[in-house]
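Colleague: Pasting model-v2.cif below, which is mmCIF, C-alpha atoms.
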```
data_input
#
loop_
_atom_site.group_PDB
_atom_site.id
_atom_site.type_symbol
_atom_site.label_atom_id
_atom_site.label_comp_id
_atom_site.auth_asym_id
_atom_site.auth_seq_id
_atom_site.Cartn_x
_atom_site.Cartn_y
_atom_site.Cartn_z
ATOM 1 C CA MET K 1 39.488 42.329 44.039
ATOM 2 C CA THR K 2 41.921 44.337 46.116
ATOM 3 C CA GLY K 3 41.339 47.857 47.318
ATOM 4 C CA ARG K 4 44.589 49.134 45.784
ATOM 5 C CA MET K 5 44.669 49.641 42.038
ATOM 6 C CA GLY K 6 47.326 47.499 40.327
ATOM 7 C CA PRO K 7 49.276 48.386 37.171
ATOM 8 C CA ARG K 8 46.549 46.887 35.028
ATOM 9 C CA GLY K 9 43.909 49.075 36.675
ATOM 10 C CA ILE K 10 46.019 52.192 36.165
ATOM 11 C CA VAL K 11 46.593 51.446 32.460
ATOM 12 C CA ARG K 12 42.902 50.569 32.027
ATOM 13 C CA TRP K 13 41.767 53.967 33.291
ATOM 14 C CA LEU K 14 44.600 55.704 31.408
ATOM 15 C CA LEU K 15 43.379 54.206 28.115
ATOM 16 C CA LEU K 16 39.764 55.090 28.886
ATOM 17 C CA ALA K 17 40.851 58.640 29.702
ATOM 18 C CA GLY K 18 42.621 58.637 26.309
ATOM 19 C CA LEU K 19 39.365 57.732 24.563
ATOM 20 C CA LEU K 20 37.536 60.500 26.405
ATOM 21 C CA LEU K 21 40.271 63.015 25.531
ATOM 22 C CA LEU K 22 40.014 62.051 21.856
ATOM 23 C CA ALA K 23 36.233 62.573 22.020
ATOM 24 C CA LEU K 24 36.787 65.971 23.668
ATOM 25 C CA GLY K 25 39.329 66.861 20.976
ATOM 26 C CA THR K 26 36.779 65.940 18.332
ATOM 27 C CA TRP K 27 34.103 68.167 19.910
ATOM 28 C CA LEU K 28 36.554 71.097 20.093
ATOM 29 C CA THR K 29 37.656 70.529 16.482
ATOM 30 C CA VAL K 30 34.121 70.478 15.096
ATOM 31 C CA CYS K 31 33.298 73.623 17.152
ATOM 32 C CA ASP K 32 36.378 75.220 15.555
ATOM 33 C CA ARG K 33 35.261 74.262 12.044
ATOM 34 C CA ALA K 34 31.799 75.694 12.702
ATOM 35 C CA LEU K 35 33.581 78.872 13.959
ATOM 36 C CA ILE K 36 31.662 78.536 17.250
ATOM 37 C CA ARG K 37 34.762 78.299 19.457
ATOM 38 C CA PRO K 38 37.049 81.138 18.291
ATOM 39 C CA GLY K 39 36.533 84.837 18.838
ATOM 40 C CA LEU K 40 36.968 86.667 15.535
ATOM 41 C CA ASP K 41 37.609 90.174 14.342
ATOM 42 C CA ALA K 42 39.132 89.737 10.904
ATOM 43 C CA GLY K 43 38.600 90.026 7.197
ATOM 44 C CA VAL K 44 38.314 87.164 4.710
ATOM 45 C CA LEU K 45 41.441 87.494 2.608
ATOM 46 C CA VAL K 46 41.332 84.269 0.563
ATOM 47 C CA LYS K 47 38.841 81.403 0.089
ATOM 48 C CA GLU K 48 40.317 78.116 -1.070
ATOM 49 C CA ILE K 49 38.905 74.644 -1.730
ATOM 50 C CA ARG K 50 41.293 71.684 -1.595
ATOM 51 C CA THR K 51 40.072 68.393 -2.963
ATOM 52 C CA GLU K 52 40.617 64.989 -1.374
ATOM 53 C CA LYS K 53 39.617 61.449 -2.354
ATOM 54 C CA HIS K 54 35.900 62.008 -3.073
ATOM 55 C CA PRO K 55 35.211 65.533 -4.323
ATOM 56 C CA PRO K 56 32.998 67.364 -3.470
ATOM 57 C CA LEU K 57 31.978 65.184 -0.496
ATOM 58 C CA ASP K 58 35.242 65.511 1.409
ATOM 59 C CA ASP K 59 36.450 68.859 0.074
ATOM 60 C CA VAL K 60 38.549 70.884 2.502
ATOM 61 C CA HIS K 61 37.323 74.479 2.852
ATOM 62 C CA ILE K 62 39.985 76.967 3.887
ATOM 63 C CA LEU K 63 39.595 80.630 4.828
ATOM 64 C CA VAL K 64 42.632 82.843 5.154
ATOM 65 C CA LEU K 65 41.698 85.536 7.667
ATOM 66 C CA GLU K 66 43.601 88.733 8.369
ATOM 67 C CA ASP K 67 43.085 90.787 11.523
ATOM 68 C CA GLU K 68 43.549 94.554 12.022
ATOM 69 C CA SER K 69 47.242 94.177 12.812
ATOM 70 C CA GLY K 70 47.883 92.241 9.606
ATOM 71 C CA VAL K 71 48.243 88.809 11.214
ATOM 72 C CA ARG K 72 47.020 86.076 8.856
ATOM 73 C CA VAL K 73 45.458 82.848 10.053
ATOM 74 C CA GLU K 74 44.383 79.866 7.951
ATOM 75 C CA ARG K 75 41.147 78.281 9.190
ATOM 76 C CA ARG K 76 39.413 75.118 8.011
ATOM 77 C CA VAL K 77 35.633 75.618 8.125
ATOM 78 C CA ASP K 78 32.467 73.682 7.295
ATOM 79 C CA GLY K 79 31.320 73.845 3.673
ATOM 80 C CA ASN K 80 27.981 75.579 4.369
ATOM 81 C CA LEU K 81 29.784 78.317 6.309
ATOM 82 C CA PHE K 82 32.355 78.694 3.545
ATOM 83 C CA ASP K 83 29.584 79.242 0.987
ATOM 84 C CA SER K 84 27.913 81.947 3.048
ATOM 85 C CA MET K 85 30.771 84.444 2.881
ATOM 86 C CA ASP K 86 32.952 86.056 0.231
ATOM 87 C CA GLU K 87 36.480 87.332 -0.004
ATOM 88 C CA GLY K 88 36.599 90.832 1.457
ATOM 89 C CA ASP K 89 33.867 90.146 4.043
ATOM 90 C CA ARG K 90 34.506 91.325 7.590
ATOM 91 C CA LEU K 91 33.887 88.751 10.344
ATOM 92 C CA HIS K 92 33.195 89.532 13.990
ATOM 93 C CA LYS K 93 32.122 87.385 16.932
ATOM 94 C CA GLU K 94 32.899 86.605 20.559
ATOM 95 C CA ALA K 95 34.403 83.224 21.519
ATOM 96 C CA TRP K 96 31.703 80.520 21.915
ATOM 97 C CA SER K 97 29.036 82.851 20.530
ATOM 98 C CA HIS K 98 26.641 81.233 18.044
ATOM 99 C CA ASP K 99 26.170 84.476 16.113
ATOM 100 C CA LEU K 100 28.698 85.520 13.479
ATOM 101 C CA SER K 101 28.592 88.986 11.991
ATOM 102 C CA VAL K 102 29.520 88.816 8.279
ATOM 103 C CA SER K 103 29.983 92.397 7.012
ATOM 104 C CA GLY K 104 27.107 93.534 9.216
ATOM 105 C CA ARG K 105 24.607 90.691 8.662
ATOM 106 C CA THR K 106 24.190 88.116 11.410
ATOM 107 C CA LEU K 107 24.786 84.475 10.551
ATOM 108 C CA PRO K 108 23.629 81.848 13.098
ATOM 109 C CA LEU K 109 26.322 79.213 13.653
ATOM 110 C CA ARG K 110 25.564 75.552 14.225
ATOM 111 C CA LEU K 111 27.378 72.242 13.887
ATOM 112 C CA SER K 112 26.867 70.479 10.571
ATOM 113 C CA SER K 113 25.204 67.058 10.769
ATOM 114 C CA GLU K 114 28.521 65.496 9.711
ATOM 115 C CA SER K 115 30.439 67.279 12.492
ATOM 116 C CA ARG K 116 27.845 66.502 15.145
ATOM 117 C CA GLY K 117 27.729 62.864 14.035
ATOM 118 C CA THR K 118 31.524 62.504 14.201
ATOM 119 C CA ALA K 119 31.729 63.981 17.697
ATOM 120 C CA LEU K 120 28.791 61.853 18.901
ATOM 121 C CA ALA K 121 30.371 58.723 17.406
ATOM 122 C CA MET K 122 33.657 59.358 19.242
ATOM 123 C CA THR K 123 31.758 59.894 22.498
ATOM 124 C CA ALA K 124 29.779 56.699 21.851
ATOM 125 C CA ILE K 125 33.022 54.710 21.323
ATOM 126 C CA ALA K 126 34.316 55.811 24.740
ATOM 127 C CA ALA K 127 30.938 54.927 26.300
ATOM 128 C CA ILE K 128 30.791 51.502 24.601
ATOM 129 C CA ALA K 129 34.329 50.694 25.782
ATOM 130 C CA LEU K 130 33.536 51.745 29.360
ATOM 131 C CA LEU K 131 30.205 49.877 29.532
ATOM 132 C CA TRP K 132 31.602 46.656 28.052
ATOM 133 C CA MET K 133 34.664 46.822 30.293
ATOM 134 C CA LEU K 134 32.453 47.062 33.384
ATOM 135 C CA ALA K 135 30.131 44.331 32.080
ATOM 136 C CA ALA K 136 33.057 42.010 31.251
ATOM 137 C CA GLN K 137 34.527 42.521 34.720
ATOM 138 C CA ALA K 138 31.198 41.658 36.319
ATOM 139 C CA ILE K 139 30.981 38.517 34.147
ATOM 140 C CA CYS K 140 34.572 37.533 35.101
ATOM 141 C CA ARG K 141 33.816 37.946 38.806
ATOM 142 C CA ARG K 142 30.753 35.697 38.528
ATOM 143 C CA HIS K 143 32.569 33.109 36.408
ATOM 144 C CA MET Q 1 55.566 43.863 37.069
ATOM 145 C CA ARG Q 2 52.807 41.370 36.298
ATOM 146 C CA TRP Q 3 49.113 41.967 36.188
ATOM 147 C CA GLU Q 4 46.429 40.441 38.346
ATOM 148 C CA THR Q 5 45.370 37.102 36.889
ATOM 149 C CA GLU Q 6 41.655 36.473 36.823
ATOM 150 C CA GLU Q 7 39.428 33.874 35.261
ATOM 151 C CA ARG Q 8 38.050 35.024 31.937
ATOM 152 C CA PRO Q 9 35.504 33.122 29.863
ATOM 153 C CA GLY Q 10 36.992 32.605 26.381
ATOM 154 C CA TRP Q 11 34.209 34.379 24.516
ATOM 155 C CA ILE Q 12 35.045 37.685 26.194
ATOM 156 C CA TRP Q 13 38.096 37.750 23.909
ATOM 157 C CA ALA Q 14 35.948 37.563 20.828
ATOM 158 C CA VAL Q 15 33.678 40.365 22.038
ATOM 159 C CA TRP Q 16 36.610 42.720 22.704
ATOM 160 C CA VAL Q 17 38.497 41.885 19.511
ATOM 161 C CA VAL Q 18 35.647 41.400 17.027
ATOM 162 C CA LEU Q 19 32.220 42.573 18.234
ATOM 163 C CA ILE Q 20 33.198 45.836 19.945
ATOM 164 C CA PRO Q 21 35.122 47.240 16.921
ATOM 165 C CA ILE Q 22 32.310 46.175 14.593
ATOM 166 C CA ALA Q 23 29.722 47.832 16.871
ATOM 167 C CA CYS Q 24 31.802 51.028 17.068
ATOM 168 C CA THR Q 25 32.282 51.102 13.281
ATOM 169 C CA MET Q 26 28.538 50.644 12.760
ATOM 170 C CA VAL Q 27 27.811 53.492 15.199
ATOM 171 C CA PHE Q 28 30.241 55.658 13.206
ATOM 172 C CA ARG Q 29 28.565 54.689 9.913
ATOM 173 C CA MET Q 30 25.084 55.381 11.290
ATOM 174 C CA LEU Q 31 25.978 58.762 12.782
ATOM 175 C CA VAL Q 32 28.152 59.905 9.842
ATOM 176 C CA PRO Q 33 26.666 58.097 6.839
ATOM 177 C CA ASP Q 34 28.227 60.396 4.230
ATOM 178 C CA ARG Q 35 31.826 60.142 5.462
ATOM 179 C CA SER Q 36 32.904 56.520 5.415
ATOM 180 C CA ASP Q 37 36.527 57.684 5.622
ATOM 181 C CA TYR Q 38 36.170 58.544 9.324
ATOM 182 C CA SER Q 39 34.859 55.078 10.216
ATOM 183 C CA GLY Q 40 37.533 53.635 7.905
ATOM 184 C CA HIS Q 41 40.262 55.477 9.793
ATOM 185 C CA PHE Q 42 38.815 54.214 13.076
ATOM 186 C CA LEU Q 43 38.652 50.589 11.944
ATOM 187 C CA ALA Q 44 42.059 50.632 10.251
ATOM 188 C CA GLY Q 45 43.563 52.293 13.338
ATOM 189 C CA PHE Q 46 42.054 49.579 15.525
ATOM 190 C CA ALA Q 47 43.115 46.692 13.286
ATOM 191 C CA ALA Q 48 46.697 47.794 12.642
ATOM 192 C CA SER Q 49 47.209 48.616 16.309
ATOM 193 C CA LEU Q 50 45.677 45.315 17.391
ATOM 194 C CA GLY Q 51 48.373 43.343 15.579
ATOM 195 C CA PHE Q 52 51.218 45.581 16.738
ATOM 196 C CA ILE Q 53 50.160 45.851 20.387
ATOM 197 C CA TRP Q 54 49.457 42.117 20.589
ATOM 198 C CA PHE Q 55 52.932 41.390 19.249
ATOM 199 C CA ALA Q 56 54.477 43.791 21.796
ATOM 200 C CA ALA Q 57 52.402 42.203 24.567
ATOM 201 C CA ARG Q 58 53.579 38.726 23.530
ATOM 202 C CA LEU Q 59 57.210 39.853 23.513
ATOM 203 C CA LEU Q 60 56.939 41.501 26.935
ATOM 204 C CA ASP Q 61 54.758 38.908 28.707
ATOM 205 C CA GLY Q 62 51.663 41.074 28.713
ATOM 206 C CA ARG Q 63 52.997 43.778 30.996
ATOM 207 C CA PRO Q 64 50.384 46.583 31.243
ATOM 208 C CA SER Q 65 53.117 49.187 30.779
ATOM 209 C CA ALA Q 66 54.082 47.487 27.477
ATOM 210 C CA THR Q 67 50.452 47.585 26.296
ATOM 211 C CA ALA Q 68 50.171 51.263 27.193
ATOM 212 C CA ALA Q 69 53.493 52.117 25.540
ATOM 213 C CA ALA Q 70 52.597 50.172 22.370
ATOM 214 C CA SER Q 71 49.221 51.968 22.205
ATOM 215 C CA GLY Q 72 51.015 55.300 22.526
ATOM 216 C CA LEU Q 73 53.429 54.314 19.761
ATOM 217 C CA CYS Q 74 50.494 53.435 17.488
ATOM 218 C CA VAL Q 75 48.930 56.859 18.123
ATOM 219 C CA LEU Q 76 52.279 58.515 17.383
ATOM 220 C CA PHE Q 77 52.788 56.460 14.219
ATOM 221 C CA GLY Q 78 49.267 57.403 13.085
ATOM 222 C CA LEU Q 79 50.080 61.073 13.671
ATOM 223 C CA ILE Q 80 53.225 60.783 11.539
ATOM 224 C CA LEU Q 81 51.334 58.963 8.760
ATOM 225 C CA GLU Q 82 48.492 61.490 8.770
ATOM 226 C CA ALA Q 83 50.959 64.381 8.631
ATOM 227 C CA THR Q 84 53.239 62.961 5.938
ATOM 228 C CA VAL Q 85 51.579 60.260 3.792
ATOM 229 C CA PHE Q 86 47.848 61.117 3.790
ATOM 230 C CA PRO Q 87 47.556 64.925 4.014
ATOM 231 C CA LEU Q 88 45.807 65.351 0.640
ATOM 232 C CA GLY Q 89 43.945 68.513 1.637
ATOM 233 C CA GLY Q 90 46.028 69.205 4.727
ATOM 234 C CA PHE Q 91 46.306 67.479 8.118
ATOM 235 C CA ASP Q 92 42.831 66.321 9.146
ATOM 236 C CA ALA Q 93 42.505 66.284 12.929
ATOM 237 C CA LEU Q 94 39.269 64.254 12.715
ATOM 238 C CA ASP Q 95 41.018 61.496 10.732
ATOM 239 C CA PHE Q 96 43.770 61.487 13.359
ATOM 240 C CA PHE Q 97 41.343 61.401 16.311
ATOM 241 C CA SER Q 98 39.352 58.583 14.658
ATOM 242 C CA GLN Q 99 42.365 56.351 14.016
ATOM 243 C CA SER Q 100 43.782 57.146 17.465
ATOM 244 C CA ALA Q 101 40.499 56.078 19.084
ATOM 245 C CA GLY Q 102 40.891 52.777 17.231
ATOM 246 C CA ALA Q 103 44.481 52.414 18.505
ATOM 247 C CA VAL Q 104 43.553 53.165 22.115
ATOM 248 C CA LEU Q 105 40.553 50.824 21.953
ATOM 249 C CA ALA Q 106 42.823 48.055 20.630
ATOM 250 C CA GLY Q 107 45.167 48.604 23.582
ATOM 251 C CA LEU Q 108 42.244 48.461 26.003
ATOM 252 C CA ALA Q 109 40.892 45.282 24.382
ATOM 253 C CA LEU Q 110 44.246 43.511 24.647
ATOM 254 C CA LEU Q 111 44.835 44.741 28.189
ATOM 255 C CA GLU Q 112 41.420 43.553 29.318
ATOM 256 C CA THR Q 113 41.818 40.137 27.733
ATOM 257 C CA GLY Q 114 45.297 39.399 29.075
ATOM 258 C CA ALA Q 115 47.182 39.343 25.779
ATOM 259 C CA GLY Q 116 50.714 38.061 26.217
ATOM 260 C CA ASP Q 117 50.129 36.932 29.789
ATOM 261 C CA PRO Q 118 51.836 33.501 29.942
ATOM 262 C CA GLU Q 119 49.481 32.436 32.728
ATOM 263 C CA ALA Q 120 46.568 32.853 30.321
ATOM 264 C CA ASP Q 121 48.099 30.390 27.806
ATOM 265 C CA SER Q 122 46.193 27.324 26.776
ATOM 266 C CA PRO Q 123 48.067 24.125 27.695
ATOM 267 C CA ASP Q 124 48.118 22.834 24.104
ATOM 268 C CA GLY Q 125 49.778 25.914 22.613
ATOM 269 C CA ILE Q 126 53.097 25.458 20.786
ATOM 270 C CA SER Q 127 54.221 28.501 18.832
ATOM 271 C CA PRO Q 128 55.052 31.658 20.808
ATOM 272 C CA LEU Q 129 52.914 33.558 18.291
ATOM 273 C CA VAL Q 130 49.761 31.548 18.840
ATOM 274 C CA ARG Q 131 50.367 29.678 22.062
ATOM 275 C CA ASN Q 132 47.866 31.582 24.158
ATOM 276 C CA GLY Q 133 45.180 30.361 21.806
ATOM 277 C CA HIS Q 134 44.052 33.875 20.975
ATOM 278 C CA GLY Q 135 46.833 34.804 18.605
ATOM 279 C CA ARG Q 136 45.100 33.386 15.547
ATOM 280 C CA LEU Q 137 41.958 35.343 16.315
ATOM 281 C CA VAL Q 138 43.937 38.550 16.881
ATOM 282 C CA LEU Q 139 45.906 38.208 13.646
ATOM 283 C CA ALA Q 140 42.791 37.313 11.644
ATOM 284 C CA ALA Q 141 40.832 40.227 13.150
ATOM 285 C CA SER Q 142 43.775 42.543 12.509
ATOM 286 C CA ALA Q 143 44.088 41.552 8.831
ATOM 287 C CA ALA Q 144 40.327 41.604 8.168
ATOM 288 C CA GLY Q 145 39.883 44.932 9.973
ATOM 289 C CA LEU Q 146 42.754 46.509 8.077
ATOM 290 C CA ILE Q 147 41.288 45.484 4.719
ATOM 291 C CA ALA Q 148 37.781 46.619 5.670
ATOM 292 C CA GLY Q 149 39.110 49.871 7.136
ATOM 293 C CA ALA Q 150 41.161 50.660 4.042
ATOM 294 C CA PHE Q 151 38.098 49.931 1.877
ATOM 295 C CA LEU Q 152 35.939 52.293 3.953
ATOM 296 C CA ALA Q 153 38.629 54.988 3.972
ATOM 297 C CA PHE Q 154 39.459 54.938 0.267
ATOM 298 C CA ALA Q 155 36.520 53.372 -1.601
#
```
The structure given in the file should be rewritten as structure tokens.
Modeller:
Amino acid sequence: MTGRMGPRGIVRWLLLAGLLLLALGTWLTVCDRALIRPGLDAGVLVKEIRTEKHPPLDDVHILVLEDESGVRVERRVDGNLFDSMDEGDRLHKEAWSHDLSVSGRTLPLRLSSESRGTALAMTAIAAIALLWMLAAQAICRRH
Amino acid sequence: MRWETEERPGWIWAVWVVLIPIACTMVFRMLVPDRSDYSGHFLAGFAASLGFIWFAARLLDGRPSATAAASGLCVLFGLILEATVFPLGGFDALDFFSQSAGAVLAGLALLETGAGDPEADSPDGISPLVRNGHGRLVLAASAAGLIAGAFLAFA
């Protein structure tokens, strides 16, 4: 082992960083779909369900939101959240708040078991890769 | 630019190329039992990338930069596929992240096991495709993983 990291060492840590970034992206995406991450002050203009390979298991739930200035944004949300609001509802929340106001009533926001499981699985993949890489290196040094 | 050669017991190959992806897929299945498509995207991303990156590593004598570039290309190709061929209900970022994790893990596995490094060749190897003795295992794992991944994603 040399003190200076060679090209292989640089690529190794680059790829591991890639795995961690993908896990982070997954966490941010599932927080987006649970509406935990964004700040909102908009009305529900349209609710739409798009089907995929295994309806209703993998249905895509879309909300078209319109803010005060008329800007429309399409958001993909979790199914349970989709079911708890109607077209015409007014949504309000601060970014990263776990409380969503839906036309005056407060709706607690949480990750669905599917979202949490996906984000945990991606984190676990990065951890498995890191742990086995370190273990394999230790085995190679002893060999 | 060559990489540091080190002694590697042969079975470490099999763990990186076979056991680690199986373990990761099982973790995915356990944590997200109702959505086999995510674990399918991961496994298919790993398997397809494994074959491609290994081939690139063989062509370019296992240079780490080639492995990294091939992994990046696999991620990019997955992004294009997800955006154009498979967007049934719209682009699914979780499908893309899952298959990209498979691609990056395949790159890491091949980097760590010295794929394409001529100094890691077995002395009895003949064909450039299989001469390092690990090519058959890589191609078999790639084909089997692709089939299993497609089954999980679409079944």
Colleague: For His61 of chain K, please output as a ChimeraX atom specification all residues within 8 Å (counting all atoms listed in the file; exclusion window: fewer than 5 positions along the same chain).
Modeller: /K:47-50,76-79,82
Colleague: What residues in chain Q lie within 6 Å of chain K, counting all atoms listed in the file, written as a ChimeraX atom specification?
Modeller: /Q:3,8,24,28,31-32,64,88-89,97,101
Colleague: Which residue is closest to Arg72 of chain K? Choose from K:Leu45, K:Met85, K:Ala95, K:Ala34 and count all atoms listed in the file.
Modeller: K:Leu45
Colleague: Expand the PyMOL selection byres ((chain Q and resi 143) around 12) into the explicit residue set it covers here, and present it as a list in words.
Modeller: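 Evaluating the PyMOL selection byres ((chain Q and resi 143) around 12) on these coordinates yields Val18, Leu43, Ala44, Gly45, Phe46, Ala47, Ala48, Ser49, Leu50, Gly51, Phe52, Arg136, Leu137, Val138, Leu139, Ala140, Ala141, Ser142, Ala144, Gly145, Leu146, Ile147, Ala148, Gly149 and Ala150 of chain Q.
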Colleague: What does the structure give for the distance between atom CA of Leu105 of chain Q and atom CA of Val17 of chain Q, in Å to one decimal?
Modeller: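 Atom CA of Val17 of chain Q lies at a distance of 9.5 Å from atom CA of Leu105 of chain Q.
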Colleague: For the atom pair atom CA of His98 of chain K and atom CA of Glu66 of chain K, what is the interatomic distance in Å to one decimal place?
Modeller: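 These two atoms are separated by 20.9 Å.
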Colleague: What residues come out when you apply the PyMOL selection byres ((chain Q and resi 96) around 10) to this file, written as a PyMOL selection string?
Modeller: (chain K and resi 22+26) or (chain Q and resi 38+41-42+45+75-76+78-83+91-95+97-102)
Colleague: Provide the atom CA of Trp13 of chain Q to atom CA of Phe77 of chain Q distance in Å, to one decimal place.
Modeller: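 Going from atom CA of Trp13 of chain Q over to atom CA of Phe77 of chain Q, I get 25.7 Å.
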Colleague: Near Glu74 of chain K, within 8 Å and counting all atoms listed in the file, which residues show up once chain neighbours fewer than 6 positions away are dropped, as a VMD selection string?
Modeller: chain K and resid 62 to 65
Colleague: Enclose all atoms of segment 96-108 of chain K listed in the file in an axis-aligned box, grow every side by 3 Å, and hand back centre and edge lengths in Å to one decimal, as JSON.
Modeller:
```
{"center_x": 27.7, "center_y": 87.0, "center_z": 14.5, "size_x": 14.1, "size_y": 19.0, "size_z": 20.9}
```
Colleague: Using all atoms listed in the file for the distances, tell me which of Q:Ile12, Q:Ala155, Q:Arg58, Q:Arg29 is nearest to Ala109 of chain Q.
Modeller: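 Closest to Ala109 of chain Q of all the choices is Q:Ile12.
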Colleague: Under the PyMOL selection byres ((chain K and resi 105) around 12), which residues of this model are included? Write them out as a PyMOL selection string.
Modeller: chain K and resi 84-85+89-93+99-104+106-108
